[in-house]
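Shown next: target-v8.cif, given as mmCIF, C-alpha atoms and all ligand atoms.
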data_protein
loop_
_atom_site.label_atom_id
_atom_site.label_comp_id
_atom_site.auth_asym_id
_atom_site.auth_seq_id
_atom_site.Cartn_x
_atom_site.Cartn_y
_atom_site.Cartn_z
CA MET A 1 0.00 0.00 0.00
CA ARG A 2 1.49 3.33 -0.97
CA PRO A 3 0.75 6.34 1.19
CA ALA A 4 -0.24 9.23 -1.06
CA PHE A 5 2.21 11.55 0.61
CA ARG A 6 4.76 10.25 3.02
CA PHE A 7 6.35 13.08 4.97
CA ARG A 8 9.94 12.69 5.89
CA TRP A 9 12.30 14.66 8.05
CA GLN A 10 15.64 14.64 6.33
CA GLY A 11 17.52 17.21 8.35
CA VAL A 12 20.55 15.84 10.01
CA TRP A 13 22.26 13.64 7.44
CA LEU A 14 21.56 16.09 4.64
CA ALA A 15 23.04 18.80 6.79
CA LEU A 16 26.22 16.75 7.05
CA ILE A 17 26.31 16.22 3.28
CA GLY A 18 25.73 19.93 2.93
CA VAL A 19 28.79 20.79 4.93
CA ALA A 20 30.85 18.26 2.98
CA LEU A 21 29.71 19.66 -0.37
CA TRP A 22 30.23 23.23 0.72
CA GLY A 23 33.52 23.95 -1.01
CA ALA A 24 32.67 22.18 -4.25
CA HIS A 25 29.76 24.29 -5.39
CA GLY A 26 31.03 27.79 -5.01
CA LEU A 27 28.21 28.84 -2.72
CA PRO A 28 28.63 31.65 -0.19
CA ARG A 29 31.28 31.21 2.45
CA VAL A 30 30.78 31.21 6.18
CA ALA A 31 31.24 34.55 7.92
CA ALA A 32 34.45 35.05 9.83
CA ALA A 33 32.86 34.65 13.27
CA THR A 34 32.24 31.04 14.22
CA PRO A 35 28.48 30.58 13.92
CA PRO A 36 26.60 28.29 16.30
CA PRO A 37 25.79 24.89 14.79
CA LEU A 38 22.49 24.81 12.91
CA THR A 39 20.16 21.82 12.65
CA PRO A 40 17.63 22.64 9.94
CA GLN A 41 14.92 20.13 9.08
CA VAL A 42 13.31 19.59 5.68
CA HIS A 43 9.79 18.33 5.22
CA ILE A 44 8.68 17.38 1.69
CA ALA A 45 5.01 17.15 0.74
CA PHE A 46 5.64 15.98 -2.82
CA GLY A 47 4.11 18.17 -5.50
CA ASP A 48 2.77 20.57 -2.89
CA ALA A 49 5.37 22.25 -0.69
CA VAL A 50 8.75 21.93 0.95
CA THR A 51 8.87 23.23 4.51
CA ILE A 52 12.20 24.11 6.11
CA ILE A 53 12.37 24.62 9.85
CA LEU A 54 15.36 26.18 11.57
CA PRO A 55 15.49 25.81 15.38
CA LEU A 56 16.72 29.06 16.91
CA GLU A 57 17.30 28.13 20.57
CA GLN A 58 21.07 28.01 20.29
CA LEU A 59 21.37 31.27 18.40
CA GLY A 60 20.25 33.67 21.11
CA PRO A 61 17.80 36.45 20.28
CA VAL A 62 17.31 36.78 16.54
CA GLN A 63 15.45 39.58 14.77
CA ARG A 64 15.37 38.23 11.24
CA VAL A 65 16.35 35.17 9.17
CA GLU A 66 16.58 35.06 5.38
CA ILE A 67 16.65 31.77 3.52
CA TYR A 68 18.25 31.13 0.12
CA LEU A 69 17.47 28.11 -2.07
CA ARG A 70 19.31 27.13 -5.23
CA PRO A 71 18.65 23.89 -7.17
CA GLU A 72 21.88 22.40 -8.52
CA GLY A 73 22.54 23.30 -12.13
CA GLN A 74 20.27 26.37 -12.04
CA VAL A 75 21.32 29.98 -11.81
CA GLU A 76 18.19 31.20 -10.06
CA THR A 77 18.29 31.49 -6.29
CA TYR A 78 15.03 31.80 -4.37
CA THR A 79 15.23 34.04 -1.33
CA GLN A 80 12.73 35.05 1.30
CA ASP A 81 12.38 36.09 4.95
CA MET A 82 11.51 33.14 7.18
CA VAL A 83 8.58 33.39 9.56
CA ILE A 84 9.86 33.46 13.13
CA ASP A 85 7.52 31.51 15.31
CA GLY A 86 8.75 31.27 18.91
CA PRO A 87 11.95 29.19 19.06
CA ARG A 88 12.06 28.40 15.36
CA ALA A 89 12.04 29.98 11.91
CA ARG A 90 9.90 28.48 9.15
CA TYR A 91 9.86 28.73 5.38
CA VAL A 92 7.30 27.11 3.09
CA HIS A 93 8.39 26.73 -0.54
CA PRO A 94 5.28 26.46 -2.74
CA LEU A 95 6.06 23.86 -5.41
CA THR A 96 3.18 24.78 -7.70
CA GLU A 97 4.54 28.32 -8.16
CA LYS A 98 8.24 27.50 -7.89
CA PRO A 99 8.73 23.89 -8.93
CA LEU A 100 11.96 22.12 -8.04
CA PRO A 101 13.72 19.58 -10.28
CA LEU A 102 12.60 16.03 -9.58
CA PHE A 103 15.25 14.23 -7.48
CA GLY A 104 17.48 17.25 -7.91
CA GLN A 105 19.78 18.45 -5.17
CA VAL A 106 18.67 21.74 -3.69
CA PHE A 107 21.25 23.79 -1.79
CA TYR A 108 20.01 26.16 0.88
CA TRP A 109 21.53 28.45 3.42
CA PHE A 110 20.51 31.16 5.86
CA LYS A 111 21.42 34.74 6.59
CA ILE A 112 20.86 35.40 10.26
CA TYR A 113 20.36 38.87 11.78
CA PRO A 114 20.93 38.57 15.55
CA ALA A 115 19.30 41.10 17.90
CA GLN A 116 22.80 42.34 18.57
CA GLY A 117 25.91 42.15 16.46
CA PRO A 118 26.46 41.78 12.73
CA ALA A 119 24.46 39.53 10.39
CA TYR A 120 26.15 36.34 9.18
CA GLU A 121 25.58 33.61 6.64
CA SER A 122 25.35 29.93 7.50
CA PRO A 123 27.09 27.15 5.61
CA ALA A 124 25.08 25.58 2.78
CA PHE A 125 22.96 22.52 3.38
CA VAL A 126 21.39 20.27 0.79
CA PHE A 127 18.28 18.18 0.37
CA ILE A 128 17.07 16.05 -2.50
CA TYR A 129 13.61 16.83 -3.83
CA GLU A 130 12.55 13.19 -3.70
CA ASP A 131 9.31 11.71 -4.94
CA ASN A 132 8.47 10.33 -1.51
CA ARG A 133 5.09 8.91 -2.53
CA PHE A 134 6.97 5.61 -2.86
CA MET A 135 9.21 3.47 -0.68
CA TRP A 136 12.39 3.46 -2.73
CA GLN A 137 14.91 0.65 -2.42
CA SER A 138 18.41 1.14 -3.70
CA ARG A 139 21.54 -0.62 -4.82
CA ALA A 140 24.83 1.06 -5.64
CA VAL A 141 27.95 0.14 -7.56
CA GLU A 142 29.97 3.34 -7.63
CA PRO A 143 29.49 5.74 -9.28
CA VAL A 144 25.92 4.59 -10.01
CA THR A 145 23.00 4.08 -7.62
CA VAL A 146 19.76 2.55 -8.81
CA TYR A 147 16.44 3.17 -7.01
CA TRP A 148 13.18 1.27 -7.46
CA TYR A 149 9.95 0.63 -5.57
CA GLU A 150 8.51 -2.26 -7.60
CA GLY A 151 10.38 -5.12 -9.21
CA ASN A 152 13.37 -6.86 -7.76
CA LEU A 153 17.10 -6.86 -7.37
CA GLU A 154 17.59 -8.59 -10.71
CA LEU A 155 16.02 -5.64 -12.53
CA ALA A 156 18.25 -3.31 -10.53
CA GLU A 157 21.29 -5.33 -11.62
CA ILE A 158 20.27 -5.03 -15.26
CA ALA A 159 19.93 -1.28 -14.82
CA LEU A 160 23.30 -1.01 -13.06
CA ARG A 161 25.02 -2.97 -15.80
CA ALA A 162 23.44 -0.81 -18.51
CA ALA A 163 24.62 2.36 -16.77
CA HIS A 164 28.16 1.05 -16.28
CA MET A 165 28.29 -0.17 -19.87
CA ALA A 166 27.31 3.30 -21.07
CA LEU A 167 30.04 4.88 -18.93
CA GLN A 168 32.52 2.49 -20.48
CA ASN A 169 31.26 3.04 -24.02
CA ALA A 170 31.37 6.81 -23.66
CA PHE A 171 34.96 6.56 -22.50
CA ILE A 172 36.01 4.21 -25.30
CA GLN A 173 34.12 6.05 -28.04
CA TRP A 174 34.98 9.66 -27.27
CA GLN A 175 36.93 9.69 -23.99
CA GLY A 176 33.83 10.84 -22.14
CA ARG A 177 33.97 10.81 -18.38
CA LEU A 178 31.92 11.94 -15.42
CA ALA A 179 33.12 15.00 -13.56
CA GLN A 180 35.33 14.12 -10.64
CA GLU A 181 33.51 12.64 -7.66
CA GLN A 182 30.21 12.85 -9.49
CA THR A 183 27.70 10.06 -9.17
CA VAL A 184 24.67 9.08 -11.25
CA ARG A 185 21.30 8.27 -9.65
CA VAL A 186 18.90 6.14 -11.68
CA TYR A 187 15.23 6.16 -10.60
CA MET A 188 13.07 3.38 -12.05
CA TYR A 189 9.34 4.02 -12.02
CA ALA A 190 7.07 1.00 -12.28
CA ASN A 191 4.91 2.54 -14.99
CA ALA A 192 4.68 5.56 -17.26
CA ARG A 193 1.73 7.00 -15.33
CA ASP A 194 3.72 7.27 -12.08
CA LEU A 195 6.62 8.90 -13.90
CA HIS A 196 4.29 11.30 -15.68
CA THR A 197 2.59 12.48 -12.49
CA ALA A 198 6.01 12.93 -10.90
CA LEU A 199 7.31 15.03 -13.79
CA SER A 200 4.17 17.10 -14.01
CA SER A 201 4.67 18.25 -10.42
CA SER A 202 8.34 19.12 -10.88
CA ALA A 203 10.56 21.42 -12.88
CA GLY A 204 11.94 19.55 -15.88
CA PRO A 205 14.02 17.87 -16.92
CA PRO A 206 13.25 18.78 -20.50
CA ASP A 207 12.71 15.75 -22.65
CA HIS A 208 15.91 13.96 -23.56
CA ASP A 209 18.22 16.65 -22.29
CA PRO A 210 20.82 15.60 -19.82
CA VAL A 211 19.74 16.12 -16.31
CA PRO A 212 22.01 18.67 -14.69
CA GLN A 213 21.41 16.87 -11.39
CA HIS A 214 22.99 13.67 -12.74
CA THR A 215 19.77 11.73 -12.47
CA VAL A 216 18.17 9.29 -14.87
CA LEU A 217 14.40 8.89 -14.72
CA THR A 218 13.02 5.85 -16.46
CA VAL A 219 10.28 3.24 -16.50
CA ALA A 220 11.22 -0.37 -15.72
CA THR A 221 9.03 -3.30 -16.64
CA TRP A 222 9.86 -6.97 -16.47
CA SER A 223 8.76 -8.02 -19.99
CA PRO A 224 11.57 -8.89 -22.45
CA GLU A 225 10.82 -5.73 -24.49
CA GLY A 226 10.63 -3.75 -21.28
CA ARG A 227 14.09 -4.89 -20.26
CA VAL A 228 15.58 -4.02 -23.64
CA ALA A 229 13.93 -0.60 -23.56
CA LEU A 230 15.18 -0.05 -20.00
CA GLN A 231 18.79 -0.79 -20.96
CA ARG A 232 18.65 1.46 -24.01
CA ASP A 233 17.04 4.30 -22.11
CA ILE A 234 19.46 4.19 -19.19
CA ALA A 235 22.50 3.95 -21.46
CA HIS A 236 21.22 6.84 -23.58
CA GLN A 237 20.56 9.12 -20.61
CA VAL A 238 23.83 8.24 -18.88
CA ALA A 239 25.70 9.11 -22.09
CA HIS A 240 24.02 12.53 -22.14
CA ILE A 241 25.13 13.13 -18.56
CA VAL A 242 28.71 12.11 -19.35
CA LEU A 243 28.70 14.26 -22.48
CA ARG A 244 27.62 17.29 -20.48
CA ASP A 245 30.29 16.64 -17.84
CA THR A 246 32.93 16.14 -20.54
CA VAL A 247 32.35 19.33 -22.55
CA GLY A 248 31.00 21.50 -19.72
CA GLU A 249 29.31 24.77 -20.69
CA GLY A 250 30.03 24.09 -24.36
CA TYR A 251 27.37 21.39 -24.27
CA ALA A 252 24.74 23.96 -25.24
CA ASN A 253 26.62 24.61 -28.49
CA LEU A 254 26.78 21.00 -29.70
CA PRO A 255 24.65 20.28 -32.78
CA TRP A 256 21.55 18.29 -31.99
CA TRP A 257 22.55 15.41 -34.29
CA LEU A 258 25.88 15.02 -32.47
CA LYS A 259 24.37 15.05 -28.98
CA GLU A 260 21.69 12.54 -29.88
CA GLY A 261 23.99 10.47 -32.07
CA LEU A 262 26.60 10.06 -29.34
CA ALA A 263 23.94 9.13 -26.78
CA THR A 264 22.57 6.53 -29.21
CA LEU A 265 26.07 5.20 -29.89
CA ALA A 266 26.42 4.31 -26.19
CA GLU A 267 23.28 2.15 -26.28
CA PRO A 268 23.83 -1.60 -25.94
CA GLN A 269 22.76 -2.71 -29.41
CA THR A 270 22.29 -1.43 -32.91
CA GLN A 271 18.73 -1.02 -33.97
CA THR A 272 17.60 -2.98 -37.00
CA ASP A 273 14.24 -1.21 -36.74
CA ASP A 274 16.03 2.11 -37.05
CA TYR A 275 17.81 0.92 -40.19
CA THR A 276 14.56 -0.25 -41.78
CA ALA A 277 13.02 3.14 -41.01
CA LEU A 278 16.02 4.88 -42.60
CA ARG A 279 15.83 2.78 -45.76
CA ASP A 280 12.10 3.36 -46.11
CA ALA A 281 12.60 7.09 -45.63
CA ALA A 282 15.46 7.11 -48.18
CA LEU A 283 13.34 5.28 -50.76
CA SER A 284 10.51 7.77 -50.43
CA GLN A 285 13.00 10.68 -50.29
CA GLN A 286 11.92 11.61 -46.79
CA LEU A 287 15.33 11.65 -45.08
CA ILE A 288 15.92 14.94 -43.28
CA PRO A 289 19.16 16.67 -44.40
CA LEU A 290 21.62 16.70 -41.49
CA ALA A 291 22.11 20.45 -41.81
CA GLN A 292 18.51 20.74 -40.63
CA LEU A 293 19.37 18.66 -37.57
CA CYS A 294 21.97 21.07 -36.22
CA ARG A 295 19.41 23.12 -34.31
CA PRO A 296 16.00 21.59 -34.96
CA GLU A 297 12.83 23.20 -33.65
CA PRO A 298 11.07 21.26 -30.91
CA TRP A 299 9.32 18.31 -32.54
CA ASP A 300 5.56 18.19 -32.81
CA ASP A 301 5.52 15.11 -35.05
CA PRO A 302 6.71 11.98 -33.19
CA GLU A 303 7.43 10.13 -36.44
CA ALA A 304 9.70 12.88 -37.73
CA GLU A 305 11.46 12.96 -34.37
CA ALA A 306 12.01 9.19 -34.41
CA LEU A 307 13.41 9.43 -37.94
CA ALA A 308 15.71 12.29 -36.95
CA ARG A 309 17.01 10.28 -33.99
CA ALA A 310 17.63 7.25 -36.19
CA GLU A 311 19.55 9.44 -38.65
CA ALA A 312 21.63 11.03 -35.90
CA GLY A 313 22.48 7.63 -34.43
CA ALA A 314 23.42 6.03 -37.75
CA PHE A 315 25.42 9.04 -38.96
CA VAL A 316 27.47 9.30 -35.75
CA ALA A 317 28.07 5.53 -35.82
CA HIS A 318 29.42 6.04 -39.36
CA LEU A 319 31.68 8.88 -38.17
CA TYR A 320 32.96 6.69 -35.35
CA ALA A 321 33.70 3.81 -37.72
CA ARG A 322 35.48 6.16 -40.11
CA TYR A 323 37.37 8.57 -37.82
CA GLY A 324 37.45 6.75 -34.47
CA PRO A 325 37.52 8.38 -31.03
CA ALA A 326 40.05 11.01 -32.14
CA GLY A 327 37.67 12.32 -34.82
CA LEU A 328 34.74 12.48 -32.43
CA GLN A 329 36.87 14.25 -29.85
CA ARG A 330 37.99 16.86 -32.38
CA LEU A 331 34.36 17.45 -33.30
CA LEU A 332 33.36 17.87 -29.65
CA GLU A 333 36.21 20.26 -29.00
CA GLY A 334 35.45 22.49 -31.97
CA TYR A 335 31.74 22.70 -31.27
CA ALA A 336 32.20 23.15 -27.53
CA ASN A 337 34.47 26.11 -28.34
CA GLY A 338 31.66 27.78 -30.25
CA MET A 339 32.20 26.73 -33.88
CA GLY A 340 29.20 26.61 -36.21
CA CYS A 341 27.69 23.37 -37.46
CA ASP A 342 29.58 23.12 -40.77
CA GLU A 343 32.59 25.14 -39.64
CA GLY A 344 33.25 22.79 -36.72
CA PHE A 345 32.80 19.80 -38.99
CA ARG A 346 35.35 21.04 -41.54
CA ALA A 347 37.84 22.02 -38.84
CA ALA A 348 37.65 18.60 -37.17
CA LEU A 349 37.36 16.26 -40.15
CA GLY A 350 38.59 18.30 -43.13
CA THR A 351 35.41 17.85 -45.13
CA SER A 352 31.91 19.31 -45.19
CA LEU A 353 28.90 17.95 -43.37
CA THR A 354 27.09 17.51 -46.70
CA ALA A 355 29.99 15.58 -48.27
CA LEU A 356 30.16 13.20 -45.30
CA GLU A 357 26.38 12.87 -45.35
CA ASP A 358 26.60 11.66 -48.97
CA ASP A 359 29.40 9.31 -48.01
CA TRP A 360 27.29 7.87 -45.19
CA ARG A 361 24.22 7.47 -47.39
CA SER A 362 26.22 5.71 -50.10
CA ALA A 363 27.82 3.38 -47.56
CA GLN A 364 24.43 2.49 -46.09
CA GLY A 365 22.53 2.32 -49.37
CA LEU A 366 20.35 5.26 -48.39
CA PHE A 367 19.78 6.80 -51.82
CA PRO A 368 16.61 6.09 -53.76
CA GLN A 369 18.55 6.09 -57.05
CA HIS A 370 21.10 3.77 -55.50
CA GLU A 371 18.31 1.35 -54.70
CA LYS A 372 16.85 1.62 -58.21
CA ALA A 373 20.19 1.39 -60.00
CA GLY A 374 21.14 -1.52 -57.76
CA GLY A 375 17.93 -3.36 -58.66
CA TRP A 376 18.37 -2.97 -62.43
CA ALA A 377 22.06 -3.79 -62.21
CA ALA A 378 21.31 -6.99 -60.33
CA LEU A 379 18.75 -8.03 -62.96
CA ALA A 380 21.21 -7.33 -65.80
CA VAL A 381 23.95 -9.35 -64.09
CA THR A 382 21.58 -12.27 -63.50
CA LEU A 383 20.46 -12.27 -67.14
CA ALA A 384 24.07 -12.13 -68.38
CA MET A 385 25.01 -15.09 -66.19
CA LEU A 386 22.01 -17.11 -67.32
CA ALA A 387 22.37 -16.35 -71.03
CA PRO A 388 24.66 -19.31 -71.98
CA PHE A 389 22.37 -21.77 -70.16
CA LEU A 390 19.28 -20.36 -71.81
CA ALA A 391 20.96 -20.67 -75.21
CA LEU A 392 22.04 -24.24 -74.48
CA GLY A 393 18.54 -25.14 -73.35
CA TRP A 394 17.07 -23.72 -76.54
CA TRP A 395 19.59 -25.73 -78.63
CA TRP A 396 18.82 -28.97 -76.78
CA GLN A 397 15.14 -28.32 -77.13
CA ARG A 398 15.61 -28.33 -80.90
CA GLN A 399 17.59 -31.63 -80.88
CA ALA A 400 15.35 -34.75 -80.94
CA GLY A 401 12.47 -33.42 -78.96
CA GLY A 402 14.80 -31.92 -76.37
CA LEU A 403 15.95 -32.95 -72.98
CA TRP A 404 12.93 -31.42 -71.38
CA ALA A 405 10.36 -33.23 -73.55
CA PRO A 406 8.25 -35.73 -71.59
CA SER A 407 9.63 -39.27 -71.98
CA ARG A 408 7.48 -41.51 -74.16
CA PRO A 409 6.39 -44.94 -72.93
CA ARG A 410 8.19 -47.64 -74.80
ZN ZN B 501 18.86 11.89 -26.21
#
Output the file's structure as structure tokens, nothing else.
Ligand SMILES: [Zn+2]
Amino acid sequence: MRPAFRFRWQGVWLALIGVALWGAHGLPRVAAATPPPLTPQVHIAFGDAVTIILPLEQLGPVQRVEIYLRPEGQVETYTQDMVIDGPRARYVHPLTEKPLPLFGQVFYWFKIYPAQGPAYESPAFVFIYEDNRFMWQSRAVEPVTVYWYEGNLELAEIALRAAHMALQNAFIQWQGRLAQEQTVRVYMYANARDLHTALSSSAGPPDHDPVPQHTVLTVATWSPEGRVALQRDIAHQVAHIVLRDTVGEGYANLPWWLKEGLATLAEPQTQTDDYTALRDAALSQQLIPLAQLCRPEPWDDPEAEALARAEAGAFVAHLYARYGPAGLQRLLEGYANGMGCDEGFRAALGTSLTALEDDWRSAQGLFPQHEKAGGWAALAVTLAMLAPFLALGWWWQRQAGGLWAPSRPR
């Protein structure tokens, strides 16, 4: 039985993590005077509000407390005066107006104005905006932790392996690596409905973009197709996270086809369905030119999006086969440093995007004329090979009723 909203006090251990993470995130420093220890408590009513309580007993008389909240990976910081209510200060963060990223880390700190003496800032603390409607179980093999609330350990192992495989692939294929001491958290929902309701009451992540919080949100089902989809999805999302860590701020400048193609390249298996879709699209002249996939508009046609993803995946696989990790790395470097779609391509690979696109399509048989010419050529070759036999057959046929005439009863 799942409680609709399970409240949880997460203060103390998160406070400890907060202190440990203090230096790494460039948040405000502690004031020179040694502040008294703080023991804030965080109370999450998922989708509704986050309440933060700061006990004030140890601080002496206080006239005002400001709170600051900043979700990891965002520039915006929420700030507000806390309500002082006897021996504690309280802040309620309304999630409907100011949504927080699902499972994202949220850093928070206080500015305290004592009744006497100068104001000072506290160290930063952190909590995770967890979907606590469910009882999550977890299993970790560093640097990946998998969480689930339905299913079993075996499914978690599959997910862990897929994530580790993607980390390995990203490293082999383009020297991609997670930022130092970073970890990846994979949350497996039992069905799409649960994931959808979770996302609709949170901020982002935008579809298919890497999650700045290093989280992967996915749906895990136990059917054979479900397991395959789970592995692909986790590998794909992990690759996006690694890509973002590898190129840093330059990630925003990568062409769409490269981002999606590299994420697809890290997936566990090549997709025959994708290839069939590409061939069909090539035959009906529906393939989207890659230049249009540098900065595509948001998709409103799922079929076009699926085709674009298949193209990106197959094209980047072709680049990898042709230029290896060094070529992909040169591409990433040029684009991350701000080069344009074709400019970066020429600088890294010494040829144009269009020329390589033709090369890829020829290699994969993705030209309608190629298909047609190939068909006629095959017929001509077959006829040429058969011609002597046909002639011989005709000659025999003319000799004494022919070999193929029905035998007469004696
Ligand atoms: Zn993607």
List as JSON lines every residue of chain A that is in contact with ligand ZN 501 (chain B), defined as an atom at most 10 Å from one of its atoms (using only C-alpha atoms and all ligand atoms), together with the nearest atom pair and the distance in Å rounded to one decimal, sorted by chain and then rising number.
{"residue": "A:Asp207", "atom": "CA", "partner": "B:ZN501", "partner_atom": "ZN", "distance": 8.1}
{"residue": "A:His208", "atom": "CA", "partner": "B:ZN501", "partner_atom": "ZN", "distance": 4.5}
{"residue": "A:Asp209", "atom": "CA", "partner": "B:ZN501", "partner_atom": "ZN", "distance": 6.2}
{"residue": "A:Pro210", "atom": "CA", "partner": "B:ZN501", "partner_atom": "ZN", "distance": 7.6}
{"residue": "A:Asp233", "atom": "CA", "partner": "B:ZN501", "partner_atom": "ZN", "distance": 8.8}
{"residue": "A:Ala235", "atom": "CA", "partner": "B:ZN501", "partner_atom": "ZN", "distance": 9.9}
{"residue": "A:His236", "atom": "CA", "partner": "B:ZN501", "partner_atom": "ZN", "distance": 6.2}
{"residue": "A:Gln237", "atom": "CA", "partner": "B:ZN501", "partner_atom": "ZN", "distance": 6.5}
{"residue": "A:Val238", "atom": "CA", "partner": "B:ZN501", "partner_atom": "ZN", "distance": 9.6}
{"residue": "A:Ala239", "atom": "CA", "partner": "B:ZN501", "partner_atom": "ZN", "distance": 8.5}
{"residue": "A:His240", "atom": "CA", "partner": "B:ZN501", "partner_atom": "ZN", "distance": 6.6}
{"residue": "A:Ile241", "atom": "CA", "partner": "B:ZN501", "partner_atom": "ZN", "distance": 10.0}
{"residue": "A:Trp256", "atom": "CA", "partner": "B:ZN501", "partner_atom": "ZN", "distance": 9.0}
{"residue": "A:Trp257", "atom": "CA", "partner": "B:ZN501", "partner_atom": "ZN", "distance": 9.6}
{"residue": "A:Leu258", "atom": "CA", "partner": "B:ZN501", "partner_atom": "ZN", "distance": 9.9}
{"residue": "A:Lys259", "atom": "CA", "partner": "B:ZN501", "partner_atom": "ZN", "distance": 6.9}
{"residue": "A:Glu260", "atom": "CA", "partner": "B:ZN501", "partner_atom": "ZN", "distance": 4.7}
{"residue": "A:Gly261", "atom": "CA", "partner": "B:ZN501", "partner_atom": "ZN", "distance": 7.9}
{"residue": "A:Leu262", "atom": "CA", "partner": "B:ZN501", "partner_atom": "ZN", "distance": 8.5}
{"residue": "A:Ala263", "atom": "CA", "partner": "B:ZN501", "partner_atom": "ZN", "distance": 5.8}
{"residue": "A:Thr264", "atom": "CA", "partner": "B:ZN501", "partner_atom": "ZN", "distance": 7.2}
{"residue": "A:Arg309", "atom": "CA", "partner": "B:ZN501", "partner_atom": "ZN", "distance": 8.2}
{"residue": "A:Gly313", "atom": "CA", "partner": "B:ZN501", "partner_atom": "ZN", "distance": 9.9}
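Atom pair atom CA of A:Gly248 / atom CA of A:Ala170: separated by 15.2 Å.
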Using all atoms listed in the file, the residue out of A:Pro87, A:Gly226, A:Pro61, A:Pro212 with shortest distance to A:Ala159 is A:Gly226
Which one is closest to A:Arg185: A:Glu157, A:Glu249, A:Asp280, A:Glu142? Count all atoms listed in the file.
A:Glu142
Can you tell me, as a PyMOL selection string, what residues are no more than 12 Å from A:Pro101 when counting all atoms listed in the file, ignoring any on the same chain fewer than 4 positions away?
chain A and resi 46-47+70-74+95+105-106+127-131+198-206+211-215+217
I want to know what sits within 7 Å of A:Val62, based on only C-alpha atoms, with residues of the same chain fewer than 5 positions away left out; could you give that as a ChimeraX atom specification?
/A:113-115
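For the pair atom CA of A:Val75 and atom CA of A:Leu54, the separation is 24.4 Å.
Atom CA of A:Ile52 to atom CA of A:Arg133 spans 18.9 Å [interatomic distance, one decimal].
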Anything within 12 Å of (36.2, 21.0, -38.9): list those residues as an NGL selection string, counting all atoms listed in the file and sticking to the file's coordinates.
:A and (327-335 or 337-353 or 356)
Exercise: A:Thr354 partners within 9 Å, all atoms listed in the file, chain neighbours under 6 positions left out, as a ChimeraX atom specification
/A:289-291,342
Expected residue set, 9 Å radius at (22.9, 36.0, 6.7), all atoms listed in the file, as JSON, numbers by chain:
{"A": [31, 65, 66, 67, 109, 110, 111, 112, 113, 119, 120, 121, 122]}
Compare A:Ala166, A:Val228, A:Leu293, A:Trp222 by their minimum atom-to-atom distance to A:Leu153, counting only C-alpha atoms, and give me the closest one.
A:Trp222
